[in-house]
file upload37.tsv (TSV, C-alpha atoms)
chain	number	residue	atom	x	y	z
T	1	MET	CA	-9.33	19.84	-46.47
T	2	THR	CA	-9.68	17.92	-43.22
T	3	THR	CA	-13.20	17.27	-42.06
T	4	ILE	CA	-13.74	17.77	-38.34
T	5	PRO	CA	-15.94	14.97	-36.97
T	6	GLN	CA	-19.20	16.27	-35.59
T	7	ASN	CA	-19.00	13.83	-32.68
T	8	ARG	CA	-15.51	14.79	-31.52
T	9	PRO	CA	-16.64	15.35	-27.88
T	10	PHE	CA	-17.99	11.81	-27.80
T	11	TRP	CA	-14.73	10.30	-29.05
T	12	CYS	CA	-12.64	12.46	-26.71
T	13	ALA	CA	-14.76	11.35	-23.78
T	14	LEU	CA	-14.48	7.72	-24.90
T	15	LEU	CA	-10.69	7.91	-25.18
T	16	ALA	CA	-10.41	9.68	-21.82
T	17	GLY	CA	-12.57	7.01	-20.22
T	18	ALA	CA	-10.46	4.24	-21.75
T	19	ALA	CA	-7.29	5.93	-20.49
T	20	LEU	CA	-8.72	6.19	-16.98
T	21	VAL	CA	-9.69	2.51	-16.99
T	22	ALA	CA	-6.20	1.52	-18.14
T	23	LEU	CA	-4.58	3.77	-15.53
T	24	ARG	CA	-6.78	2.32	-12.80
T	25	ARG	CA	-5.84	-1.24	-13.76
T	26	LEU	CA	-2.17	-0.27	-13.70
T	27	SER	CA	-2.49	1.42	-10.32
T	28	LEU	CA	-4.21	-1.59	-8.74
T	29	ALA	CA	-1.66	-4.12	-10.00
T	30	TRP	CA	1.59	-2.19	-10.39
T	31	GLY	CA	4.58	-4.54	-10.64
T	32	ALA	CA	2.58	-7.63	-9.69
T	33	SER	CA	2.50	-10.81	-11.74
T	34	GLY	CA	-0.71	-12.63	-12.52
T	35	ASP	CA	0.21	-15.31	-9.98
T	36	GLU	CA	0.76	-12.70	-7.27
T	37	ILE	CA	-2.55	-11.01	-8.02
T	38	ASP	CA	-4.40	-14.34	-7.87
T	39	ALA	CA	-2.53	-15.67	-4.83
T	40	THR	CA	-4.14	-15.93	-1.42
T	41	LEU	CA	-1.99	-13.84	0.90
T	42	PRO	CA	-1.85	-13.52	4.69
T	43	GLY	CA	-4.66	-11.24	5.85
T	44	ASP	CA	-7.07	-12.16	3.05
T	45	GLU	CA	-9.04	-14.21	5.54
T	46	LEU	CA	-9.89	-11.12	7.61
T	47	LEU	CA	-12.44	-9.74	5.14
T	48	SER	CA	-15.33	-11.94	4.00
T	49	ARG	CA	-16.32	-9.47	1.27
T	50	VAL	CA	-14.01	-7.22	-0.74
T	51	ASP	CA	-15.15	-4.20	-2.75
T	52	LEU	CA	-11.72	-2.93	-3.80
T	53	SER	CA	-8.40	-4.72	-3.89
T	54	ALA	CA	-4.93	-3.63	-4.98
T	55	THR	CA	-1.91	-5.94	-5.24
T	56	ARG	CA	1.45	-4.35	-6.00
T	57	ALA	CA	4.93	-5.85	-6.00
T	58	ILE	CA	8.60	-5.08	-6.44
T	59	SER	CA	11.80	-7.14	-6.63
T	60	ILE	CA	14.51	-6.39	-4.06
T	61	ARG	CA	18.10	-7.62	-4.31
T	62	ALA	CA	18.34	-8.62	-0.66
T	63	SER	CA	17.18	-11.52	1.45
T	64	ALA	CA	13.80	-11.50	3.17
T	65	ARG	CA	15.55	-11.19	6.52
T	66	GLU	CA	17.34	-8.07	5.28
T	67	VAL	CA	14.13	-6.53	3.97
T	68	TRP	CA	12.03	-7.38	7.01
T	69	PRO	CA	13.45	-4.80	9.50
T	70	TRP	CA	12.37	-1.97	7.18
T	71	VAL	CA	8.85	-3.39	7.05
T	72	ALA	CA	8.74	-4.07	10.79
T	73	GLN	CA	9.45	-0.45	11.69
T	74	LEU	CA	6.78	1.10	9.46
T	75	GLY	CA	4.60	3.73	11.10
T	76	GLN	CA	4.25	7.32	12.20
T	77	GLY	CA	6.48	7.98	15.18
T	78	ARG	CA	8.54	5.00	14.06
T	79	GLY	CA	10.37	4.42	10.77
T	80	GLY	CA	7.83	6.32	8.70
T	81	PHE	CA	6.61	5.03	5.34
T	82	TYR	CA	9.62	5.73	3.07
T	83	SER	CA	7.42	7.63	0.63
T	84	TYR	CA	6.85	11.33	0.00
T	85	ASP	CA	7.11	12.61	3.56
T	86	PHE	CA	6.46	16.22	2.52
T	87	VAL	CA	3.12	15.24	0.98
T	88	GLU	CA	2.03	13.33	4.08
T	89	ASN	CA	3.12	16.18	6.31
T	90	LEU	CA	1.04	18.67	4.35
T	91	ILE	CA	-2.00	17.05	5.99
T	92	GLY	CA	-0.41	16.82	9.43
T	93	CYS	CA	0.77	13.21	9.44
T	94	ASP	CA	4.14	14.11	11.01
T	95	ILE	CA	6.06	11.45	9.08
T	96	HIS	CA	9.85	11.24	9.17
T	97	SER	CA	11.14	8.23	7.23
T	98	ALA	CA	14.20	6.56	8.73
T	99	ASP	CA	17.33	5.67	6.80
T	100	GLN	CA	18.55	3.34	9.53
T	101	ILE	CA	17.19	0.23	11.22
T	102	VAL	CA	16.22	1.14	14.79
T	103	GLN	CA	16.14	-1.81	17.15
T	104	GLN	CA	13.48	-0.41	19.47
T	105	TRP	CA	11.00	-0.37	16.56
T	106	GLN	CA	11.55	-4.02	15.67
T	107	ASP	CA	9.59	-5.56	18.54
T	108	ILE	CA	5.97	-5.57	17.37
T	109	THR	CA	3.21	-7.99	18.32
T	110	VAL	CA	-0.36	-8.77	17.34
T	111	GLY	CA	-2.65	-6.12	18.81
T	112	ASP	CA	-0.14	-3.27	18.60
T	113	GLN	CA	-1.25	-0.08	16.89
T	114	ILE	CA	0.76	1.22	13.96
T	115	ASN	CA	-0.05	4.89	13.44
T	116	LEU	CA	-0.63	6.45	10.03
T	117	ALA	CA	-0.80	9.87	11.67
T	118	PRO	CA	-0.91	11.02	15.31
T	119	GLU	CA	-3.76	9.17	17.06
T	120	VAL	CA	-4.85	7.50	13.79
T	121	GLY	CA	-3.72	3.96	13.25
T	122	LEU	CA	-4.26	0.38	12.23
T	123	THR	CA	-3.94	-2.73	14.38
T	124	VAL	CA	-1.35	-5.43	13.82
T	125	ALA	CA	-3.53	-8.42	12.94
T	126	ARG	CA	-0.84	-10.85	11.88
T	127	ILE	CA	2.93	-10.96	12.09
T	128	ASP	CA	5.31	-13.60	10.79
T	129	PRO	CA	8.87	-12.23	10.95
T	130	ALA	CA	10.67	-12.13	7.59
T	131	ARG	CA	7.43	-13.28	5.93
T	132	ALA	CA	4.37	-11.11	6.55
T	133	LEU	CA	2.95	-8.12	8.39
T	134	VAL	CA	-0.79	-7.50	8.21
T	135	LEU	CA	-2.49	-4.35	9.48
T	136	HIS	CA	-6.26	-4.16	9.95
T	137	GLY	CA	-8.77	-1.39	10.64
T	138	GLY	CA	-10.04	1.73	8.93
T	139	LEU	CA	-9.78	5.50	9.00
T	140	PRO	CA	-12.61	7.29	10.85
T	141	ALA	CA	-14.83	9.61	8.85
T	142	ILE	CA	-14.73	13.26	9.87
T	143	GLY	CA	-17.30	14.03	12.54
T	144	THR	CA	-18.28	10.43	13.26
T	145	GLY	CA	-15.27	8.71	14.73
T	146	LEU	CA	-16.31	5.59	12.79
T	147	SER	CA	-14.75	4.14	9.68
T	148	PRO	CA	-17.04	3.66	6.65
T	149	TYR	CA	-14.98	0.68	5.50
T	150	ASP	CA	-13.01	-2.26	6.82
T	151	PHE	CA	-9.45	-2.42	5.56
T	152	THR	CA	-6.42	-4.71	5.51
T	153	TRP	CA	-2.89	-3.79	4.47
T	154	ALA	CA	-0.56	-6.74	3.98
T	155	PHE	CA	3.20	-6.69	3.43
T	156	VAL	CA	4.39	-10.09	2.25
T	157	LEU	CA	7.98	-11.17	1.54
T	158	ARG	CA	8.44	-13.99	-0.96
T	159	PRO	CA	12.04	-15.23	-1.45
T	160	GLU	CA	13.10	-16.08	-4.98
T	161	THR	CA	16.32	-17.35	-6.55
T	162	ASP	CA	19.60	-15.43	-6.76
T	163	GLY	CA	19.01	-13.66	-3.45
T	164	ILE	CA	16.01	-11.70	-4.70
T	165	THR	CA	12.95	-11.08	-2.54
T	166	ARG	CA	9.55	-10.08	-3.86
T	167	LEU	CA	7.77	-7.55	-1.69
T	168	VAL	CA	4.05	-7.91	-2.33
T	169	VAL	CA	1.78	-5.26	-0.83
T	170	ARG	CA	-1.98	-5.79	-0.84
T	171	GLU	CA	-4.72	-3.35	0.15
T	172	ARG	CA	-8.29	-4.63	0.54
T	173	TYR	CA	-11.42	-2.60	1.30
T	174	SER	CA	-14.86	-3.73	2.40
T	175	TYR	CA	-17.38	-0.89	2.26
T	176	THR	CA	-20.10	-0.54	4.89
T	177	HIS	CA	-22.36	1.28	2.39
T	178	PRO	CA	-22.39	1.56	-1.43
T	179	TRP	CA	-21.71	5.31	-1.30
T	180	VAL	CA	-18.32	4.69	0.31
T	181	ALA	CA	-16.93	3.85	-3.15
T	182	ALA	CA	-17.36	7.49	-4.14
T	183	MET	CA	-15.13	8.46	-1.19
T	184	VAL	CA	-12.42	5.80	-1.45
T	185	GLU	CA	-11.91	5.11	-5.14
T	186	PRO	CA	-11.22	8.67	-6.37
T	187	VAL	CA	-8.15	8.84	-4.12
T	188	GLU	CA	-6.86	5.44	-5.22
T	189	LEU	CA	-4.44	7.04	-7.69
T	190	VAL	CA	-2.88	9.06	-4.86
T	191	SER	CA	-2.65	5.89	-2.77
T	192	PHE	CA	-0.95	4.15	-5.69
T	193	MET	CA	1.67	6.88	-6.08
T	194	MET	CA	2.44	6.90	-2.35
T	195	SER	CA	2.56	3.09	-2.16
T	196	ARG	CA	4.81	2.82	-5.20
T	197	GLN	CA	7.27	5.28	-3.69
T	198	MET	CA	7.10	3.43	-0.36
T	199	MET	CA	8.02	0.14	-2.03
T	200	ARG	CA	10.85	1.82	-3.89
T	201	GLY	CA	11.98	3.38	-0.62
T	202	ILE	CA	12.09	-0.01	1.08
T	203	ARG	CA	13.99	-1.47	-1.88
T	204	HIS	CA	16.56	1.33	-1.84
T	205	ARG	CA	17.22	0.99	1.88
T	206	ALA	CA	17.37	-2.80	1.91
T	207	GLU	CA	19.67	-3.02	-1.11
T	208	LEU	CA	21.95	-0.30	0.26
T	209	LYS	CA	22.21	-2.14	3.58
T	210	HIS	CA	22.77	-5.42	1.72
T	211	ARG	CA	25.80	-3.94	-0.10
T	212	ASP	CA	27.40	-2.59	3.12

call {"tool": "encode", "arguments": {"input": "upload37.tsv", "output": "C-alpha cells"}}
result
Amino acid sequence: MTTIPQNRPFWCALLAGAALVALRRLSLAWGASGDEIDATLPGDELLSRVDLSATRAISIRASAREVWPWVAQLGQGRGGFYSYDFVENLIGCDIHSADQIVQQWQDITVGDQINLAPEVGLTVARIDPARALVLHGGLPAIGTGLSPYDFTWAFVLRPETDGITRLVVRERYSYTHPWVAAMVEPVELVSFMMSRQMMRGIRHRAELKHRD
C-alpha cells in the first residue's frame, strides 16, 4: 500500500517553484551562449542600472547585410515585428508583418521613432548598418503618460564562419520604483514567446531571400 506524504502540498509547491525558476532562466537567455550573455553589446551604456535583462540569440544562414534590412524595417506601420500579428492586434497594435524588403523603410536615423503600436514608440538611440540597431524609451503607464521604467532593445548582428550570422537581441529594464517589478516581470514569459517568434520570423525571411 502506497503511503501518501502528509506534506504533498509543500513538495508540489516546491517543484512548481523550481519549474518556474528554470522556465524564467530559459526565457531570459533563449538560444544565447554564455559569451553572448556576458558580452557588452551596443546600447548597454544607455542604462547605468539594470533591474531585468534578457539576452536571446539565433543563428541565421545569411550574411549580416542580408539580415539587416529585415531588422531596419521593424515597427508598426512599417515592416511589423514578424511575430504573432494576431496576438498583437488583439490589443490594438495594428501590426502587419512584411514578407518583402521595402526600400522606403530602410532609411532610419538616430532620433527617429519606431512605433510598437499607433502613437506608442521607442526612439532610435544607435544605428550601425548591418551591425546594430538600438531602441530606447519606455511604455507609458495607463492614466499617467509616463513610463515607470527605462528600457533598451538592442538588435545586434554578429557574423560567424560559413556565412552564418548570429542575431542577438537584448532587452534591459531599469525600474523607477521597486513595485514596477510586479508589473513588468509577470509578462516576461509573453515577451519571450513574442521575441522568440520574431527572431524566427527574421531568420525565415532572411534565409528565404538568401536562397533566391

call {"tool": "atom_distance", "arguments": {"input": "upload37.tsv", "atom1": "CA of Val110 in chain T", "atom2": "CA of Val187 in chain T"}}
result
28.8 Å

call {"tool": "atom_distance", "arguments": {"input": "upload37.tsv", "atom1": "CA of Trp30 in chain T", "atom2": "CA of Ala182 in chain T"}}
result
22.2 Å

call {"tool": "closest_residue", "arguments": {"input": "upload37.tsv", "among": "T:Asp38, T:Leu157, T:Ile127, T:Ser27", "to": "Ala54 in chain T", "atoms": "all atoms listed in the file"}}
result
T:Ser27

call {"tool": "residues_around", "arguments": {"input": "upload37.tsv", "residues": "Thr55 in chain T", "least_positions_apart": "4", "cutoff": "7 Å", "atoms": "only C-alpha atoms", "output": "PyMOL selection string"}}
result
chain T and resi 28-29+32+37+168-171

call {"tool": "atom_distance", "arguments": {"input": "upload37.tsv", "atom1": "CA of Arg56 in chain T", "atom2": "CA of Arg131 in chain T"}}
result
16.1 Å

call {"tool": "closest_residue", "arguments": {"input": "upload37.tsv", "among": "T:Val184, T:Leu90, T:Val134, T:Leu189", "to": "Val71 in chain T", "atoms": "all atoms listed in the file"}}
result
T:Val134

call {"tool": "closest_residue", "arguments": {"input": "upload37.tsv", "among": "T:Trp179, T:Phe81, T:Phe192, T:Trp68", "to": "Asp51 in chain T", "atoms": "only C-alpha atoms"}}
result
T:Trp179

call {"tool": "closest_residue", "arguments": {"input": "upload37.tsv", "among": "T:Leu52, T:Val156, T:Ala57, T:Ala130", "to": "Gly31 in chain T", "atoms": "all atoms listed in the file"}}
result
T:Ala57

call {"tool": "closest_residue", "arguments": {"input": "upload37.tsv", "among": "T:His204, T:Arg65, T:Arg172, T:His136", "to": "Ser53 in chain T", "atoms": "all atoms listed in the file"}}
result
T:Arg172

call {"tool": "residues_around", "arguments": {"input": "upload37.tsv", "residues": "Leu122 in chain T", "least_positions_apart": "2", "cutoff": "9 Å", "atoms": "only C-alpha atoms", "output": "list of chain:residue names"}}
result
T:Asp112, T:Gln113, T:Ile114, T:Asn115, T:Leu116, T:Val120, T:Val124, T:Ala125, T:Leu135, T:His136, T:Gly137, T:Gly138, T:Leu139, T:Phe151, T:Thr152, T:Trp153

call {"tool": "closest_residue", "arguments": {"input": "upload37.tsv", "among": "T:Pro129, T:Gly34, T:Gly121, T:Pro186", "to": "Ile108 in chain T", "atoms": "only C-alpha atoms"}}
result
T:Pro129

call {"tool": "residues_around", "arguments": {"input": "upload37.tsv", "residues": "Ser59 in chain T", "least_positions_apart": "4", "cutoff": "10 Å", "atoms": "all atoms listed in the file", "output": "PDB file with C-alpha atoms, keeping the file's coordinate frame"}}
result
ATOM      1  CA  GLY T  31       4.580  -4.540 -10.640  1.00  0.00           C
ATOM      2  CA  ALA T  32       2.580  -7.630  -9.690  1.00  0.00           C
ATOM      3  CA  LEU T 157       7.980 -11.170   1.540  1.00  0.00           C
ATOM      4  CA  ARG T 158       8.440 -13.990  -0.960  1.00  0.00           C
ATOM      5  CA  PRO T 159      12.040 -15.230  -1.450  1.00  0.00           C
ATOM      6  CA  GLU T 160      13.100 -16.080  -4.980  1.00  0.00           C
ATOM      7  CA  ILE T 164      16.010 -11.700  -4.700  1.00  0.00           C
ATOM      8  CA  THR T 165      12.950 -11.080  -2.540  1.00  0.00           C
ATOM      9  CA  ARG T 166       9.550 -10.080  -3.860  1.00  0.00           C
ATOM     10  CA  LEU T 167       7.770  -7.550  -1.690  1.00  0.00           C
ATOM     11  CA  VAL T 168       4.050  -7.910  -2.330  1.00  0.00           C
ATOM     12  CA  MET T 199       8.020   0.140  -2.030  1.00  0.00           C
ATOM     13  CA  ARG T 200      10.850   1.820  -3.890  1.00  0.00           C
ATOM     14  CA  ARG T 203      13.990  -1.470  -1.880  1.00  0.00           C
TER      15      ARG T 203
END

call {"tool": "decode", "arguments": {"input": "upload37.tsv", "residues": "range 25-167 of chain T", "atoms": "C-alpha atoms", "output": "PDB file, in the first residue's frame"}}
result
ATOM      1  CA  ARG T  25      16.093  31.369 -16.840  1.00  0.00           C
ATOM      2  CA  LEU T  26      15.314  29.783 -20.200  1.00  0.00           C
ATOM      3  CA  SER T  27      13.130  32.693 -21.260  1.00  0.00           C
ATOM      4  CA  LEU T  28      15.773  35.280 -20.384  1.00  0.00           C
ATOM      5  CA  ALA T  29      18.589  33.514 -22.236  1.00  0.00           C
ATOM      6  CA  TRP T  30      16.907  31.537 -25.016  1.00  0.00           C
ATOM      7  CA  GLY T  31      19.417  30.477 -27.679  1.00  0.00           C
ATOM      8  CA  ALA T  32      22.226  32.629 -26.289  1.00  0.00           C
ATOM      9  CA  SER T  33      25.667  31.315 -25.420  1.00  0.00           C
ATOM     10  CA  GLY T  34      27.420  32.202 -22.198  1.00  0.00           C
ATOM     11  CA  ASP T  35      29.736  34.540 -24.118  1.00  0.00           C
ATOM     12  CA  GLU T  36      26.777  36.345 -25.680  1.00  0.00           C
ATOM     13  CA  ILE T  37      25.054  36.739 -22.332  1.00  0.00           C
ATOM     14  CA  ASP T  38      28.228  38.151 -20.753  1.00  0.00           C
ATOM     15  CA  ALA T  39      29.177  40.343 -23.724  1.00  0.00           C
ATOM     16  CA  THR T  40      28.845  44.103 -23.647  1.00  0.00           C
ATOM     17  CA  LEU T  41      26.539  44.995 -26.525  1.00  0.00           C
ATOM     18  CA  PRO T  42      25.663  48.306 -28.192  1.00  0.00           C
ATOM     19  CA  GLY T  43      23.094  50.122 -26.072  1.00  0.00           C
ATOM     20  CA  ASP T  44      24.298  48.726 -22.739  1.00  0.00           C
ATOM     21  CA  GLU T  45      25.851  52.088 -21.982  1.00  0.00           C
ATOM     22  CA  LEU T  46      22.448  53.812 -22.015  1.00  0.00           C
ATOM     23  CA  LEU T  47      21.323  52.404 -18.654  1.00  0.00           C
ATOM     24  CA  SER T  48      23.518  52.891 -15.586  1.00  0.00           C
ATOM     25  CA  ARG T  49      21.441  50.445 -13.532  1.00  0.00           C
ATOM     26  CA  VAL T  50      19.635  47.344 -14.784  1.00  0.00           C
ATOM     27  CA  ASP T  51      16.897  45.518 -12.883  1.00  0.00           C
ATOM     28  CA  LEU T  52      15.977  42.989 -15.560  1.00  0.00           C
ATOM     29  CA  SER T  53      17.930  41.840 -18.587  1.00  0.00           C
ATOM     30  CA  ALA T  54      17.191  39.278 -21.293  1.00  0.00           C
ATOM     31  CA  THR T  55      19.661  38.190 -23.978  1.00  0.00           C
ATOM     32  CA  ARG T  56      18.376  35.891 -26.707  1.00  0.00           C
ATOM     33  CA  ALA T  57      20.039  34.720 -29.910  1.00  0.00           C
ATOM     34  CA  ILE T  58      19.531  32.720 -33.067  1.00  0.00           C
ATOM     35  CA  SER T  59      21.750  31.571 -35.944  1.00  0.00           C
ATOM     36  CA  ILE T  60      20.763  32.672 -39.449  1.00  0.00           C
ATOM     37  CA  ARG T  61      22.200  31.186 -42.641  1.00  0.00           C
ATOM     38  CA  ALA T  62      22.654  34.530 -44.365  1.00  0.00           C
ATOM     39  CA  SER T  63      25.140  37.364 -44.212  1.00  0.00           C
ATOM     40  CA  ALA T  64      24.698  40.274 -41.828  1.00  0.00           C
ATOM     41  CA  ARG T  65      23.972  42.536 -44.795  1.00  0.00           C
ATOM     42  CA  GLU T  66      21.170  40.196 -45.875  1.00  0.00           C
ATOM     43  CA  VAL T  67      19.684  40.075 -42.383  1.00  0.00           C
ATOM     44  CA  TRP T  68      19.958  43.805 -41.721  1.00  0.00           C
ATOM     45  CA  PRO T  69      17.112  45.066 -43.996  1.00  0.00           C
ATOM     46  CA  TRP T  70      14.613  42.968 -42.021  1.00  0.00           C
ATOM     47  CA  VAL T  71      15.854  44.495 -38.776  1.00  0.00           C
ATOM     48  CA  ALA T  72      15.958  48.015 -40.209  1.00  0.00           C
ATOM     49  CA  GLN T  73      12.282  47.976 -41.169  1.00  0.00           C
ATOM     50  CA  LEU T  74      10.956  46.802 -37.801  1.00  0.00           C
ATOM     51  CA  GLY T  75       7.998  48.747 -36.438  1.00  0.00           C
ATOM     52  CA  GLN T  76       4.272  49.314 -36.519  1.00  0.00           C
ATOM     53  CA  GLY T  77       3.285  50.987 -39.763  1.00  0.00           C
ATOM     54  CA  ARG T  78       6.499  49.617 -41.231  1.00  0.00           C
ATOM     55  CA  GLY T  79       7.664  46.004 -41.561  1.00  0.00           C
ATOM     56  CA  GLY T  80       5.964  44.865 -38.368  1.00  0.00           C
ATOM     57  CA  PHE T  81       7.677  42.536 -35.905  1.00  0.00           C
ATOM     58  CA  TYR T  82       7.477  39.164 -37.719  1.00  0.00           C
ATOM     59  CA  SER T  83       5.855  37.565 -34.687  1.00  0.00           C
ATOM     60  CA  TYR T  84       2.269  36.639 -33.854  1.00  0.00           C
ATOM     61  CA  ASP T  85       0.485  39.537 -35.527  1.00  0.00           C
ATOM     62  CA  PHE T  86      -2.954  38.294 -34.456  1.00  0.00           C
ATOM     63  CA  VAL T  87      -1.928  38.416 -30.790  1.00  0.00           C
ATOM     64  CA  GLU T  88      -0.555  41.950 -31.092  1.00  0.00           C
ATOM     65  CA  ASN T  89      -3.649  43.067 -32.955  1.00  0.00           C
ATOM     66  CA  LEU T  90      -5.925  41.758 -30.216  1.00  0.00           C
ATOM     67  CA  ILE T  91      -4.723  44.720 -28.139  1.00  0.00           C
ATOM     68  CA  GLY T  92      -4.928  47.208 -30.988  1.00  0.00           C
ATOM     69  CA  CYS T  93      -1.304  47.307 -32.129  1.00  0.00           C
ATOM     70  CA  ASP T  94      -2.258  47.219 -35.836  1.00  0.00           C
ATOM     71  CA  ILE T  95       0.757  45.120 -36.835  1.00  0.00           C
ATOM     72  CA  HIS T  96       1.136  43.696 -40.333  1.00  0.00           C
ATOM     73  CA  SER T  97       4.466  41.903 -40.768  1.00  0.00           C
ATOM     74  CA  ALA T  98       6.046  42.275 -44.193  1.00  0.00           C
ATOM     75  CA  ASP T  99       7.372  39.411 -46.279  1.00  0.00           C
ATOM     76  CA  GLN T 100       9.330  41.746 -48.543  1.00  0.00           C
ATOM     77  CA  ILE T 101      12.080  44.305 -48.032  1.00  0.00           C
ATOM     78  CA  VAL T 102      10.595  47.768 -48.590  1.00  0.00           C
ATOM     79  CA  GLN T 103      13.156  50.393 -49.531  1.00  0.00           C
ATOM     80  CA  GLN T 104      11.285  53.337 -48.023  1.00  0.00           C
ATOM     81  CA  TRP T 105      11.560  51.715 -44.576  1.00  0.00           C
ATOM     82  CA  GLN T 106      15.321  51.272 -44.764  1.00  0.00           C
ATOM     83  CA  ASP T 107      16.312  54.885 -44.166  1.00  0.00           C
ATOM     84  CA  ILE T 108      16.315  55.302 -40.385  1.00  0.00           C
ATOM     85  CA  THR T 109      18.422  57.661 -38.293  1.00  0.00           C
ATOM     86  CA  VAL T 110      19.157  58.341 -34.643  1.00  0.00           C
ATOM     87  CA  GLY T 111      16.197  60.182 -33.111  1.00  0.00           C
ATOM     88  CA  ASP T 112      13.551  58.524 -35.274  1.00  0.00           C
ATOM     89  CA  GLN T 113      10.598  56.931 -33.516  1.00  0.00           C
ATOM     90  CA  ILE T 114       9.851  53.273 -34.137  1.00  0.00           C
ATOM     91  CA  ASN T 115       6.271  52.553 -33.132  1.00  0.00           C
ATOM     92  CA  LEU T 116       5.209  49.472 -31.194  1.00  0.00           C
ATOM     93  CA  ALA T 117       1.573  50.481 -31.650  1.00  0.00           C
ATOM     94  CA  PRO T 118      -0.109  53.617 -33.023  1.00  0.00           C
ATOM     95  CA  GLU T 119       1.312  56.644 -31.164  1.00  0.00           C
ATOM     96  CA  VAL T 120       3.388  54.405 -28.856  1.00  0.00           C
ATOM     97  CA  GLY T 121       7.022  54.019 -29.724  1.00  0.00           C
ATOM     98  CA  LEU T 122      10.683  53.882 -28.860  1.00  0.00           C
ATOM     99  CA  THR T 123      13.449  56.175 -30.074  1.00  0.00           C
ATOM    100  CA  VAL T 124      16.331  55.045 -32.258  1.00  0.00           C
ATOM    101  CA  ALA T 125      19.306  55.606 -29.953  1.00  0.00           C
ATOM    102  CA  ARG T 126      22.002  53.951 -32.009  1.00  0.00           C
ATOM    103  CA  ILE T 127      22.271  52.627 -35.535  1.00  0.00           C
ATOM    104  CA  ASP T 128      25.192  50.906 -37.213  1.00  0.00           C
ATOM    105  CA  PRO T 129      24.002  49.394 -40.512  1.00  0.00           C
ATOM    106  CA  ALA T 130      24.493  45.627 -40.782  1.00  0.00           C
ATOM    107  CA  ARG T 131      25.718  45.623 -37.166  1.00  0.00           C
ATOM    108  CA  ALA T 132      23.326  47.073 -34.597  1.00  0.00           C
ATOM    109  CA  LEU T 133      20.022  48.839 -34.008  1.00  0.00           C
ATOM    110  CA  VAL T 134      19.248  50.095 -30.503  1.00  0.00           C
ATOM    111  CA  LEU T 135      15.859  51.431 -29.429  1.00  0.00           C
ATOM    112  CA  HIS T 136      15.407  53.356 -26.175  1.00  0.00           C
ATOM    113  CA  GLY T 137      12.447  54.551 -24.120  1.00  0.00           C
ATOM    114  CA  GLY T 138       9.554  53.036 -22.219  1.00  0.00           C
ATOM    115  CA  LEU T 139       5.836  52.405 -22.432  1.00  0.00           C
ATOM    116  CA  PRO T 140       3.643  54.927 -20.580  1.00  0.00           C
ATOM    117  CA  ALA T 141       1.540  53.660 -17.696  1.00  0.00           C
ATOM    118  CA  ILE T 142      -2.208  53.968 -18.150  1.00  0.00           C
ATOM    119  CA  GLY T 143      -3.501  57.290 -16.889  1.00  0.00           C
ATOM    120  CA  THR T 144      -0.105  58.905 -16.336  1.00  0.00           C
ATOM    121  CA  GLY T 145       1.528  59.280 -19.715  1.00  0.00           C
ATOM    122  CA  LEU T 146       4.843  58.442 -18.018  1.00  0.00           C
ATOM    123  CA  SER T 147       6.826  55.243 -18.190  1.00  0.00           C
ATOM    124  CA  PRO T 148       7.631  53.518 -14.873  1.00  0.00           C
ATOM    125  CA  TYR T 149      10.847  52.117 -16.330  1.00  0.00           C
ATOM    126  CA  ASP T 150      13.656  52.969 -18.710  1.00  0.00           C
ATOM    127  CA  PHE T 151      14.183  50.415 -21.450  1.00  0.00           C
ATOM    128  CA  THR T 152      16.607  49.500 -24.228  1.00  0.00           C
ATOM    129  CA  TRP T 153      16.034  46.993 -27.014  1.00  0.00           C
ATOM    130  CA  ALA T 154      19.143  46.070 -28.979  1.00  0.00           C
ATOM    131  CA  PHE T 155      19.368  44.044 -32.183  1.00  0.00           C
ATOM    132  CA  VAL T 156      22.960  43.035 -32.842  1.00  0.00           C
ATOM    133  CA  LEU T 157      24.316  41.109 -35.846  1.00  0.00           C
ATOM    134  CA  ARG T 158      27.498  39.117 -35.291  1.00  0.00           C
ATOM    135  CA  PRO T 159      28.981  37.415 -38.396  1.00  0.00           C
ATOM    136  CA  GLU T 160      30.403  33.941 -37.929  1.00  0.00           C
ATOM    137  CA  THR T 161      32.058  31.421 -40.246  1.00  0.00           C
ATOM    138  CA  ASP T 162      30.358  29.605 -43.132  1.00  0.00           C
ATOM    139  CA  GLY T 163      28.084  32.546 -43.920  1.00  0.00           C
ATOM    140  CA  ILE T 164      26.182  32.326 -40.643  1.00  0.00           C
ATOM    141  CA  THR T 165      25.091  35.411 -38.717  1.00  0.00           C
ATOM    142  CA  ARG T 166      24.132  35.437 -35.062  1.00  0.00           C
ATOM    143  CA  LEU T 167      21.211  37.722 -34.289  1.00  0.00           C
TER     144      LEU T 167
END
